[in-house]
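Novice: Dropping in structure-v7.txt, which is compact mmCIF, C-alpha atoms and all ligand atoms:
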# COMPACT_ATOMS: atom_id res chain seq x y z
CA GLY N 1 -72.93 -77.77 17.56
CA SER N 2 -75.21 -77.32 20.56
CA GLU N 3 -73.20 -75.54 23.21
CA PRO N 4 -75.84 -73.60 25.10
CA ASN N 5 -75.26 -69.97 24.37
CA GLU N 6 -75.34 -68.78 27.95
CA THR N 7 -75.14 -65.15 28.92
CA PRO N 8 -75.18 -65.14 32.68
CA VAL N 9 -76.01 -61.89 34.37
CA PRO N 10 -73.13 -61.01 36.69
CA SER N 11 -74.37 -60.51 40.21
CA SER N 12 -71.87 -57.70 40.66
CA ASP N 13 -73.64 -55.59 38.05
CA GLU N 14 -74.45 -52.26 39.58
CA GLU N 15 -77.99 -52.92 38.51
CA THR N 16 -78.91 -56.07 40.27
CA LEU N 17 -81.09 -58.54 38.52
CA VAL N 18 -84.01 -57.53 40.68
CA THR N 19 -83.70 -53.93 39.58
CA LEU N 20 -83.30 -55.05 36.02
CA LYS N 21 -86.40 -57.16 36.10
CA ARG N 22 -88.37 -54.36 37.64
CA LYS N 23 -87.21 -51.93 34.98
CA CYS N 24 -88.07 -54.42 32.32
CA ARG N 25 -91.57 -54.73 33.73
CA GLN N 26 -91.91 -50.96 33.98
CA ASN N 27 -90.88 -50.66 30.38
CA PRO N 28 -91.45 -54.10 29.00
CA THR N 29 -90.50 -53.43 25.41
CA TRP N 30 -87.14 -53.07 23.74
CA THR N 31 -88.46 -50.42 21.37
CA SER N 32 -88.40 -47.95 24.20
CA LEU N 33 -88.53 -44.35 23.07
CA ASP N 34 -86.82 -42.67 25.98
CA GLY N 35 -83.94 -45.13 26.11
CA SER N 36 -84.58 -45.92 29.75
CA ILE N 37 -84.05 -49.60 29.16
CA SER N 38 -82.34 -51.28 26.28
CA PHE N 39 -83.32 -54.44 24.57
CA GLU N 40 -80.13 -56.00 25.84
CA LYS N 41 -81.01 -55.26 29.44
CA CYS N 42 -84.54 -56.47 29.04
CA ARG N 43 -83.29 -59.60 27.34
CA LYS N 44 -81.14 -60.33 30.37
CA ALA N 45 -84.11 -60.00 32.61
CA TRP N 46 -86.05 -62.35 30.37
CA SER N 47 -83.19 -64.84 30.43
CA TYR N 48 -83.34 -64.96 34.18
CA ARG N 49 -84.94 -68.01 35.73
CA PRO N 50 -85.47 -68.55 39.42
CA ARG N 51 -83.17 -71.10 41.04
CA SER N 52 -80.94 -71.32 37.99
CA LEU N 53 -83.60 -72.49 35.65
CA PRO N 54 -82.53 -72.49 32.03
CA GLN N 55 -81.43 -69.45 30.15
CA ARG N 56 -83.35 -68.64 27.02
CA HIS N 57 -81.94 -66.53 24.23
CA PHE N 58 -83.13 -64.77 21.20
CA GLY N 59 -81.84 -62.13 18.89
CA ARG N 60 -83.48 -59.24 17.21
CA SER N 61 -84.86 -60.99 14.22
CA GLY N 62 -86.57 -64.08 15.41
CA SER N 63 -83.33 -65.93 15.80
CA MET N 64 -83.61 -67.54 19.19
CA THR N 65 -81.03 -70.28 19.02
CA ASP N 66 -80.80 -72.49 22.08
CA VAL N 67 -83.37 -73.48 24.62
CA GLY N 68 -81.92 -75.94 27.05
CA HIS N 69 -81.32 -79.09 25.09
CA TRP N 70 -83.40 -77.97 22.11
CA THR N 71 -81.01 -76.73 19.50
CA HIS N 72 -82.97 -75.69 16.48
CA PHE N 73 -85.41 -72.91 16.39
CA TRP N 74 -86.71 -70.00 14.37
CA GLU N 75 -83.33 -69.03 12.96
CA ASP N 76 -84.16 -69.72 9.33
CA ASP N 77 -87.77 -68.82 9.17
CA GLY N 78 -88.04 -65.73 11.28
CA MET N 79 -90.53 -63.15 10.20
CA ALA N 80 -89.78 -61.21 7.03
CA LEU N 81 -87.49 -58.27 7.60
CA GLU N 82 -89.96 -55.85 6.09
CA LEU N 83 -92.68 -56.99 8.45
CA GLU N 84 -90.29 -56.72 11.36
CA ARG N 85 -89.52 -53.11 10.42
CA GLN N 86 -93.19 -52.30 10.16
CA MET N 87 -93.86 -53.94 13.50
CA GLU N 88 -91.07 -51.96 15.09
CA ALA N 89 -92.45 -48.69 13.75
CA CYS N 90 -95.99 -49.60 14.76
CA MET N 91 -94.90 -50.49 18.29
CA GLY N 92 -93.01 -47.21 18.51
CA ASP N 93 -96.07 -45.22 17.46
CA GLY N 94 -98.40 -47.12 19.70
CA LEU N 95 -96.19 -46.78 22.73
CA LYS N 96 -96.02 -43.00 22.37
CA GLU N 97 -99.46 -43.05 23.91
CA VAL N 98 -98.32 -45.20 26.80
CA ASN N 99 -96.57 -43.77 29.79
CA THR N 100 -93.17 -45.43 29.99
CA ASP N 101 -91.50 -43.25 32.57
CA GLY N 102 -91.14 -46.16 34.94
CA GLY N 103 -93.30 -44.44 37.52
CA GLU N 104 -95.79 -47.24 37.92
CA THR N 105 -95.73 -49.22 41.14
CA VAL N 106 -94.97 -52.84 40.44
CA PHE N 107 -96.54 -55.30 42.84
CA GLU N 108 -95.07 -58.74 43.12
CA PRO N 109 -97.42 -61.56 42.13
CA LEU N 110 -99.38 -62.86 45.10
CA VAL N 111 -101.12 -66.21 45.43
CA LYS N 112 -104.77 -65.58 46.22
CA GLU N 113 -106.15 -69.11 46.30
CA LYS N 114 -105.62 -72.64 45.20
CA TYR N 115 -108.31 -74.96 43.98
CA PRO N 116 -109.00 -77.39 45.44
CA ASP N 117 -107.35 -75.99 48.51
CA PRO N 118 -105.93 -78.75 50.69
CA VAL N 119 -106.64 -76.61 53.75
CA ASP N 120 -110.27 -75.70 53.47
CA ASP N 121 -111.78 -77.90 50.81
CA GLU N 122 -113.76 -80.68 52.44
CA GLU N 123 -113.48 -82.78 49.35
CA TRP N 124 -109.77 -82.82 49.77
CA HIS N 125 -108.04 -86.07 50.45
CA PRO N 126 -104.36 -86.55 51.06
CA ASP N 127 -103.26 -87.40 47.56
CA THR N 128 -105.17 -84.58 45.91
CA LYS N 129 -103.34 -81.54 44.67
CA PRO N 130 -104.65 -78.22 43.45
CA VAL N 131 -105.36 -78.08 39.75
CA LEU N 132 -105.45 -74.29 39.70
CA VAL N 133 -103.59 -71.42 41.34
CA HIS N 134 -105.16 -67.95 41.30
CA ILE N 135 -102.54 -65.19 41.40
CA LYS N 136 -103.08 -61.48 41.98
CA HIS N 137 -100.84 -58.80 40.46
CA ALA N 138 -99.81 -61.07 37.61
CA LEU N 139 -99.24 -58.10 35.32
CA THR N 140 -99.31 -54.33 35.69
CA GLU N 141 -101.66 -51.92 33.92
CA MET N 142 -98.77 -50.74 31.83
CA GLU N 143 -97.88 -54.24 30.74
CA VAL N 144 -101.47 -54.70 29.67
CA MET N 145 -101.29 -51.50 27.61
CA HIS N 146 -98.15 -52.83 25.94
CA ILE N 147 -99.93 -56.08 25.12
CA GLN N 148 -102.79 -54.06 23.67
CA VAL N 149 -100.37 -52.10 21.46
CA LEU N 150 -98.80 -55.35 20.27
CA GLN N 151 -102.24 -56.79 19.55
CA ASN N 152 -103.23 -53.73 17.50
CA CYS N 153 -100.04 -53.87 15.46
CA VAL N 154 -100.34 -57.56 14.76
CA GLN N 155 -103.96 -57.25 13.74
CA LYS N 156 -103.10 -54.40 11.40
CA LEU N 157 -99.85 -55.67 9.87
CA ASP N 158 -100.41 -59.41 9.79
CA PRO N 159 -104.17 -59.91 9.71
CA GLU N 160 -103.79 -63.66 9.24
CA ARG N 161 -102.89 -63.84 12.89
CA HIS N 162 -106.25 -62.38 13.84
CA GLU N 163 -109.39 -64.46 13.45
CA TYR N 164 -112.72 -65.46 14.83
CA ARG N 165 -112.29 -68.94 16.26
CA PRO N 166 -115.53 -70.84 16.57
CA PHE N 167 -115.72 -73.65 19.07
CA GLU N 168 -116.96 -77.04 17.91
CA ASN N 169 -120.62 -78.08 18.36
CA ASN N 170 -121.94 -74.55 18.35
CA LEU N 171 -120.41 -73.82 21.72
CA GLY N 172 -119.58 -70.24 20.90
CA GLY N 173 -116.11 -68.99 20.20
CA ASN N 174 -113.83 -66.02 20.58
CA THR N 175 -111.69 -63.68 18.55
CA VAL N 176 -108.03 -64.49 18.79
CA THR N 177 -104.83 -62.65 17.90
CA PHE N 178 -101.78 -64.91 17.94
CA LEU N 179 -98.93 -63.08 19.66
CA SER N 180 -96.30 -65.74 20.21
CA THR N 181 -92.80 -65.11 18.86
CA LEU N 182 -93.80 -61.44 18.60
CA LEU N 183 -94.29 -61.33 22.35
CA GLN N 184 -90.76 -62.66 22.95
CA MET N 185 -89.30 -60.26 20.41
CA PHE N 186 -91.09 -57.07 21.34
CA LEU N 187 -92.16 -57.58 24.93
CA PRO N 188 -89.51 -59.81 26.47
CA GLY N 189 -90.29 -58.68 29.99
CA ILE N 190 -93.86 -59.92 29.66
CA ALA N 191 -92.79 -63.23 28.12
CA SER N 192 -90.54 -63.65 31.14
CA GLN N 193 -93.40 -62.90 33.47
CA ILE N 194 -95.47 -65.76 32.00
CA TYR N 195 -92.74 -68.17 33.03
CA ASN N 196 -92.41 -66.60 36.44
CA LEU N 197 -96.13 -67.05 37.05
CA ALA N 198 -96.08 -70.68 35.93
CA TYR N 199 -93.12 -71.32 38.16
CA LEU N 200 -94.77 -69.66 41.14
CA ALA N 201 -97.89 -71.80 40.64
CA GLN N 202 -95.87 -74.97 40.21
CA GLU N 203 -94.12 -74.36 43.49
CA GLU N 204 -97.26 -73.30 45.30
CA ALA N 205 -99.27 -76.34 44.18
CA ASN N 206 -96.41 -78.81 44.57
CA TRP N 207 -97.19 -80.05 41.10
CA THR N 208 -93.92 -81.86 40.74
CA GLU N 209 -93.76 -83.38 44.20
CA PRO N 210 -95.26 -86.68 45.26
CA GLY N 211 -98.44 -86.64 47.35
CA PHE N 212 -99.30 -88.62 50.43
CA GLU N 213 -101.47 -91.56 51.32
CA GLU N 214 -104.17 -91.42 54.00
CA ASN N 215 -101.72 -93.02 56.39
CA GLY N 216 -99.19 -90.26 55.79
CA GLU N 217 -96.92 -92.35 53.59
CA GLU N 218 -95.49 -90.63 50.58
CA ASN N 219 -97.23 -91.71 47.41
CA PRO N 220 -94.98 -91.15 44.40
CA LEU N 221 -97.77 -91.92 42.00
CA THR N 222 -99.50 -88.63 42.67
CA ALA N 223 -96.91 -86.28 41.22
CA TYR N 224 -98.17 -84.63 38.08
CA ASP N 225 -96.60 -84.61 34.69
CA PRO N 226 -92.99 -85.79 34.74
CA ARG N 227 -92.08 -83.39 32.00
CA ALA N 228 -93.21 -80.35 33.89
CA PRO N 229 -90.37 -80.01 36.40
CA ASP N 230 -87.93 -79.33 33.63
CA PHE N 231 -88.48 -75.74 32.61
CA ARG N 232 -85.86 -76.22 29.91
CA ALA N 233 -88.35 -78.43 28.16
CA LEU N 234 -91.20 -75.96 28.33
CA GLY N 235 -91.66 -73.69 25.37
CA LEU N 236 -94.28 -71.00 24.97
CA ARG N 237 -96.58 -72.92 22.65
CA THR N 238 -99.03 -70.11 22.20
CA SER N 239 -99.67 -66.64 23.47
CA GLU N 240 -103.10 -65.37 22.50
CA TYR N 241 -105.07 -62.21 22.95
CA LEU N 242 -108.70 -63.32 23.27
CA SER N 243 -111.83 -61.26 23.10
CA TYR N 244 -115.39 -62.45 23.69
CA GLU N 245 -118.26 -60.27 22.63
CA GLY N 246 -121.91 -60.65 21.77
CA ASP N 247 -122.85 -64.17 22.72
CA GLY N 248 -119.30 -65.46 22.96
CA GLN N 249 -118.50 -68.43 25.13
CA LEU N 250 -116.04 -71.28 25.16
CA GLY N 251 -117.21 -74.87 25.55
CA LEU N 252 -115.56 -77.19 28.03
CA HIS N 253 -112.25 -78.41 26.74
CA ALA N 254 -108.72 -79.32 27.78
CA ASP N 255 -105.69 -77.57 26.32
CA SER N 256 -104.40 -80.92 25.12
CA GLU N 257 -100.67 -81.43 24.83
CA SER N 258 -99.85 -78.38 26.85
CA ILE N 259 -98.66 -78.62 30.44
CA TYR N 260 -99.51 -75.35 32.12
CA THR N 261 -102.03 -72.78 30.97
CA VAL N 262 -101.54 -69.22 32.18
CA LEU N 263 -104.63 -67.04 31.69
CA ILE N 264 -104.47 -63.38 32.61
CA ALA N 265 -107.67 -61.36 32.86
CA LEU N 266 -107.59 -58.17 30.80
CA SER N 267 -111.12 -57.15 31.77
CA ASP N 268 -112.70 -56.39 35.10
CA PRO N 269 -115.60 -58.58 36.18
CA GLU N 270 -117.80 -55.46 35.93
CA ASP N 271 -117.00 -55.12 32.22
CA TYR N 272 -119.24 -58.04 31.27
CA ASP N 273 -122.15 -60.14 32.50
CA GLY N 274 -121.86 -63.92 32.42
CA GLY N 275 -118.54 -65.15 31.09
CA GLU N 276 -117.52 -67.14 34.13
CA PHE N 277 -114.40 -69.20 33.87
CA GLU N 278 -115.14 -72.78 34.94
CA ILE N 279 -112.78 -75.59 35.74
CA TYR N 280 -113.45 -79.16 36.81
CA TRP N 281 -111.31 -80.86 39.30
CA ASP N 282 -111.59 -84.24 37.65
CA LYS N 283 -112.78 -85.65 34.37
CA GLN N 284 -116.16 -86.85 35.67
CA MET N 285 -117.69 -83.37 35.39
CA ASP N 286 -119.17 -83.73 38.83
CA PRO N 287 -120.80 -80.35 39.53
CA ASN N 288 -119.53 -80.59 43.08
CA GLU N 289 -116.02 -80.63 41.74
CA LYS N 290 -116.34 -77.56 39.60
CA ARG N 291 -115.09 -74.11 40.36
CA SER N 292 -116.42 -70.93 38.72
CA LEU N 293 -114.37 -67.77 38.82
CA LYS N 294 -114.47 -64.23 37.57
CA PRO N 295 -110.91 -63.09 38.15
CA GLU N 296 -110.11 -59.43 38.51
CA LYS N 297 -108.22 -57.64 35.80
CA LEU N 298 -104.44 -58.33 36.04
CA SER N 299 -105.03 -61.61 37.90
CA ALA N 300 -103.77 -64.91 36.55
CA LEU N 301 -105.28 -68.37 36.64
CA VAL N 302 -102.53 -70.93 36.24
CA PHE N 303 -103.76 -74.49 35.85
CA LEU N 304 -102.89 -77.91 34.57
CA SER N 305 -103.74 -77.73 30.90
CA GLU N 306 -105.26 -81.19 30.85
CA GLU N 307 -108.07 -80.22 33.23
CA LEU N 308 -111.48 -79.47 31.72
CA HIS N 309 -112.30 -75.79 31.58
CA GLY N 310 -114.39 -73.29 29.65
CA VAL N 311 -116.08 -69.91 29.71
CA THR N 312 -119.83 -69.55 30.09
CA HIS N 313 -121.98 -67.46 27.82
CA ILE N 314 -121.19 -63.74 27.85
CA VAL N 315 -124.53 -61.98 28.35
CA SER N 316 -123.29 -58.44 27.75
CA GLY N 317 -120.10 -56.46 27.52
CA THR N 318 -116.66 -57.60 26.41
CA ARG N 319 -114.37 -60.07 28.11
CA LYS N 320 -110.68 -60.06 27.24
CA THR N 321 -108.07 -62.64 28.21
CA PHE N 322 -104.38 -63.03 27.61
CA ALA N 323 -104.04 -66.81 27.24
CA ASN N 324 -100.69 -68.60 27.27
CA GLU N 325 -99.76 -72.26 27.16
CA LEU N 326 -96.44 -73.82 28.10
CA TRP N 327 -95.66 -77.16 26.55
CA MET N 328 -92.80 -79.64 26.24
CA PHE N 329 -91.52 -78.50 22.85
CA PRO N 330 -89.65 -75.41 21.72
CA ASP N 331 -91.33 -72.10 21.08
CA PRO N 332 -92.94 -72.31 17.66
CA THR N 333 -91.59 -70.61 14.58
CA TYR N 334 -93.29 -67.47 13.38
CA GLU N 335 -95.45 -69.38 10.93
CA MET N 336 -96.82 -71.79 13.50
CA LEU N 337 -100.01 -70.72 15.19
CA ARG N 338 -100.61 -72.97 18.17
CA PRO N 339 -98.72 -75.97 16.76
CA HIS N 340 -99.30 -79.65 17.34
CA PRO N 341 -96.56 -81.96 18.64
CA ARG N 342 -96.36 -83.65 15.25
CA GLU N 343 -94.83 -80.45 13.94
CA PHE N 344 -91.87 -81.14 16.22
CA LEU N 345 -91.35 -84.71 15.16
CA GLU N 346 -87.77 -85.19 16.33
CA GLU N 347 -88.44 -83.70 19.72
CA TYR N 348 -91.65 -85.66 19.94
CA VAL N 349 -89.86 -88.98 19.49
CA ASP N 350 -87.20 -87.90 21.97
CA MET N 351 -89.84 -86.84 24.46
CA LEU N 352 -91.75 -90.11 24.13
CA SER N 353 -88.66 -92.15 24.81
CA ARG N 354 -87.85 -90.09 27.88
CA LEU N 355 -91.44 -90.44 28.97
CA SER N 356 -91.38 -94.19 28.62
CA ARG N 357 -88.32 -94.34 30.87
CA HIS N 358 -90.16 -92.23 33.41
CA VAL N 359 -93.09 -94.61 33.28
CA GLN N 360 -90.79 -97.57 33.74
CA ARG N 361 -89.25 -95.93 36.78
CA SER N 362 -92.71 -95.19 38.14
CA LEU N 363 -93.71 -98.78 37.84
CA ASP N 364 -90.47 -99.92 39.45
CA SER N 365 -90.87 -97.61 42.38
CA ALA N 366 -94.55 -98.45 42.77
CA ARG N 367 -93.54 -102.07 42.96
CA GLN N 368 -91.01 -101.19 45.66
CA ILE N 369 -93.66 -99.41 47.65
CA ASP N 370 -95.97 -102.38 47.36
CA LEU N 371 -93.20 -104.49 48.75
CA GLY N 372 -92.86 -102.07 51.62
CA GLU N 373 -89.33 -101.08 50.67
CA ASP N 374 -88.35 -97.61 51.62
CA SER N 375 -85.37 -96.32 49.75
CA ARG N 376 -85.88 -92.68 50.55
CA ASP N 377 -83.38 -92.47 53.38
CA SER N 378 -80.51 -90.80 51.60
CA ASP N 379 -82.69 -88.41 49.68
CA ASP N 380 -83.15 -84.75 50.34
CA GLU N 381 -84.83 -81.94 48.49
CA SER N 382 -81.80 -80.31 46.99
CA GLU N 383 -80.38 -83.53 45.66
CA ASP N 384 -83.68 -84.33 44.18
CA GLU N 385 -83.81 -81.00 42.50
CA GLU N 386 -80.48 -81.57 40.83
CA SER N 387 -81.01 -85.08 39.68
CA GLU N 388 -84.28 -84.02 38.19
CA ASP N 389 -82.53 -81.34 36.20
CA GLU N 390 -80.04 -83.74 34.78
CA SER N 391 -82.42 -86.52 34.14
CA GLU N 392 -84.48 -84.81 31.52
CA ASP N 393 -82.24 -84.20 28.58
CA THR N 394 -80.79 -87.30 27.51
CA GLY N 395 -81.10 -90.44 25.61
CA GLU N 396 -77.96 -92.11 26.85
CA GLU N 397 -77.75 -92.00 30.58
CA GLU N 398 -78.56 -95.55 31.50
CA GLU N 399 -76.31 -95.48 34.54
CA GLU N 400 -77.88 -92.39 35.92
CA GLU N 401 -81.32 -93.60 35.00
CA LYS N 402 -80.91 -96.79 36.98
CA GLU N 403 -79.68 -94.88 39.96
CA LYS N 404 -82.63 -92.62 40.01
CA GLY N 405 -85.01 -95.43 39.38
CA LYS N 406 -84.27 -96.52 42.91
CA ASP N 407 -85.09 -93.36 44.71
CA GLY N 408 -88.78 -93.65 44.09
CA ARG N 409 -89.32 -89.94 43.73
CA ARG N 410 -90.33 -89.25 40.15
CA PRO N 411 -92.60 -91.98 39.22
CA GLU N 412 -95.82 -91.24 37.56
CA GLN N 413 -98.85 -93.19 36.89
CA ARG N 414 -100.26 -90.10 35.31
CA ALA N 415 -97.50 -90.26 32.76
CA ALA N 416 -98.83 -93.57 31.61
CA LEU N 417 -102.27 -92.08 31.21
CA GLN N 418 -100.95 -89.08 29.39
CA SER N 419 -98.81 -90.93 26.96
CA ASP N 420 -102.02 -92.42 25.59
CA GLU N 421 -103.37 -88.98 24.92
CA LEU N 422 -100.30 -87.89 23.06
O1 LIG X 501 -110.79 -66.97 28.06
C1 LIG X 501 -110.53 -67.76 28.96
O2 LIG X 501 -110.57 -67.41 30.14
C2 LIG X 501 -110.21 -69.19 28.64
C3 LIG X 501 -109.40 -69.37 27.39
C4 LIG X 501 -109.08 -70.80 27.11
O3 LIG X 501 -109.39 -71.69 27.83
C5 LIG X 501 -108.31 -71.16 25.89
O4 LIG X 501 -108.02 -70.27 25.11
O5 LIG X 501 -107.98 -72.35 25.72
FE FE X 502 -108.31 -73.53 27.28
What would the structure in this file look like if it were written as structure tokens?
Ligand SMILES: O=C(O)CCC(=O)C(=O)O
Ligand SMILES: [Fe+2]
Specialist:
Amino acid sequence: GSEPNETPVPSSDEETLVTLKRKCRQNPTWTSLDGSISFEKCRKAWSYRPRSLPQRHFGRSGSMTDVGHWTHFWEDDGMALELERQMEACMGDGLKEVNTDGGETVFEPLVKEKYPDPVDDEEWHPDTKPVLVHIKHALTEMEVMHIQVLQNCVQKLDPERHEYRPFENNLGGNTVTFLSTLLQMFLPGIASQIYNLAYLAQEEANWTEPGFEENGEENPLTAYDPRAPDFRALGLRTSEYLSYEGDGQLGLHADSESIYTVLIALSDPEDYDGGEFEIYWDKQMDPNEKRSLKPEKLSALVFLSEELHGVTHIVSGTRKTFANELWMFPDPTYEMLRPHPREFLEEYVDMLSRLSRHVQRSLDSARQIDLGEDSRDSDDESEDEESEDESEDTGEEEEEEKEKGKDGRRPEQRAALQSDEL
């Protein structure tokens, strides 16, 4: 039985969704002491997705049940009830120290820059897209305090989720506290915000749209990951509180098998020396195609997880990051700390077969372009949006598949590359 368990928020509610979301951000936990916002209300705000993106649901005890077309979840192996009770009490105590009167001004997230920026980057050429979007006001100070309270409780009550994580080849490391599943349960407003930031970046960078050739022709082969447009397919793979101290650093790496990485700075650049975030624009590690950044506290860097990135040596002070990865499988169960796709075998097979159809369509449409056929005439953005939504879920939609194969809009050479990596 896999009827999506939808709980739409009626637009006629006296509290509009906007107000609800704001309240949830001002008091992002359901263990609120003053009763100003209930878990139920916050859950509704979390379920909200821009432009009717999928609804996500979860109950009190780690029992999220339906995510888009994914039907099984952490129902059976939620955290132990005793631990949940302790967490609840710990959050309550911790939050007594935090002002939750809703008085904080909430700024909407604001795109600060894209890298590379098609407008002012000389290296830019028409089929290049940004790999990174830098967003100001990603979180509020109060949200950060809530994350800190959650981190403290997790470290205290479930120390196995807190560890020093060395990086291979002596390239430093950091201290991590794994927050996922707990974040959704205790801070649903913040979990929601991660998705909102990823969505904002996706739109801003046109990650799902085709690029253009030098001659101005649309080039369908330059759209990024074909799985990414479908937010139903993106789970929160990991949500980590990271701290770098002493000589911490993080060697260059890609967050393999994730799609979007959402990093939020929890320290000000003045809090530490060194510790620059670096990202390469391509895999050649050309120093001219590298960007170094020291984002301000509360700012987010949203980037394509497959791009090489790292953190240089911290010379002094402490550098804290809230690191989140969205991937194409469901949110992990409580026991899974940053899982691998093989732990979602059924979904993995399903995803690969959908991916191979995408690749086939890409090749078909590339062939059409080579032949100079233009079948884009009857296409417009909104239609595209819809067909994309429908196209993702299924194994048995040959008819529909064929139809879309012709429109030449979702084709992806990159998909072919990526399927090798999987
Ligand atoms: O701390 C950072 O800014 C980077 C973290 C990161 O890349 C990771 O955890 O994979
Ligand atoms: Fe990373």
Novice: My list of candidates is N:Phe107, N:Gln151, N:Ser356, N:Asn288. Which is closest to Lys136 of chain N when distances are computed with only C-alpha atoms?
Specialist: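 Ranking N:Phe107, N:Gln151, N:Ser356, N:Asn288 by distance to Lys136 of chain N, first place goes to N:Phe107.
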Novice: Can you measure atom CA of Val133 of chain N to atom CA of Ala323 of chain N for me? One decimal in Å is fine.
Specialist: 14.8 Å
Novice: Contacts between ligand LIG 501 (chain X) and chain N, please, where a residue of chain N counts if it comes within 7 Å (with only C-alpha atoms and all ligand atoms); show its shortest atom pair and distance in Å to one decimal, rows by chain and ascending number, as CSV.
Specialist:
residue,atom,partner,partner_atom,distance
N:Leu242,CA,X:LIG501,O1,6.4
N:Asp255,CA,X:LIG501,O5,5.7
N:Leu263,CA,X:LIG501,O2,6.2
N:Phe277,CA,X:LIG501,O2,5.6
N:His309,CA,X:LIG501,O3,6.3
N:Gly310,CA,X:LIG501,O3,5.6
N:Val311,CA,X:LIG501,C1,6.0
N:Lys320,CA,X:LIG501,O1,7.0
N:Thr321,CA,X:LIG501,O1,5.1
N:Ala323,CA,X:LIG501,O4,5.7
Novice: Find the residues near ligand FE 502 (chain X). Use a cut-off of 10 Å, count only C-alpha atoms and all ligand atoms, and write them as a list in words.
Specialist: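 Counting only C-alpha atoms and all ligand atoms, the residues within 10 Å of ligand FE 502 (chain X) come out as Leu250, Gly251, Leu252, His253, Ala254, Asp255, Ser256, Ser258, Thr261, Val262, Leu263, Phe277, Ile279, Phe303, Ser305, Glu306, Glu307, Leu308, His309, Gly310, Val311, Ala323, Asn324 and Glu325 of chain N.
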Novice: Atom CA of Val315 of chain N to atom CA of Asn174 of chain N: how many Å, to one decimal?
Specialist: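 Separation of atom CA of Val315 of chain N and atom CA of Asn174 of chain N: 13.8 Å.
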Novice: Smallest atom-to-atom distance to Cys90 of chain N: which of N:Glu289, N:Glu104, N:Asp158, N:Glu335, using all atoms listed in the file?
Specialist: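 The closest residue to Cys90 of chain N is N:Asp158.
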Novice: Counting all atoms listed in the file, which residue out of N:Arg367, N:Lys294, N:Lys41, N:Lys114 sits closest to Arg22 of chain N?
Specialist: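 Of all the options, N:Lys41 lies closest to Arg22 of chain N.
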Novice: What is the atom CA of Val144 of chain N to atom CA of Leu298 of chain N distance in Å?
Specialist: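 Spanning atom CA of Val144 of chain N to atom CA of Leu298 of chain N is a straight-line distance of 7.9 Å.
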Novice: Here is a test: counting all atoms listed in the file, which residue of N:Thr333, N:Ser365, N:Asn196, N:Gln249 is nearest to His313 of chain N?
Specialist: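 Smallest separation from His313 of chain N among the options: N:Gln249.
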Novice: My list of candidates is N:Pro339, N:Gly173, N:Pro159, N:Gly275. Which is closest to Thr238 of chain N when distances are computed with only C-alpha atoms?
Specialist: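 The shortest atom-to-atom distance to Thr238 of chain N comes from N:Pro339.
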Novice: So that I can check the surroundings of Arg319 of chain N, please list as a PyMOL selection string every protein, DNA and RNA residue that reaches within 8 Å of it, counting all atoms listed in the file and ignoring chain neighbours fewer than 3 positions away.
Specialist: chain N and resi 243-245+266-267+271-272+275+314
Novice: Extract, using only C-alpha atoms, all DNA, RNA and protein residues at most 10 Å from Arg237 of chain N, discarding same-chain residues fewer than 2 positions from it, and format them as a ChimeraX atom specification.
Specialist: /N:180-181,234-235,239-240,257-259,261,324-333,336-341
Novice: Neighbours of Tyr241 of chain N within 6 Å (only C-alpha atoms; same-chain residues fewer than 5 positions away dropped), as a list in words?
Specialist: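 The neighbour list is Val176, Thr177 and Phe322 of chain N.
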Novice: So which one's closest to Leu110 of chain N, N:Thr128, N:Ser299, N:Ser192, N:Thr318? Using only C-alpha atoms, please.
Specialist: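 Residue with the minimum atom-to-atom distance to Leu110 of chain N: N:Ser299.
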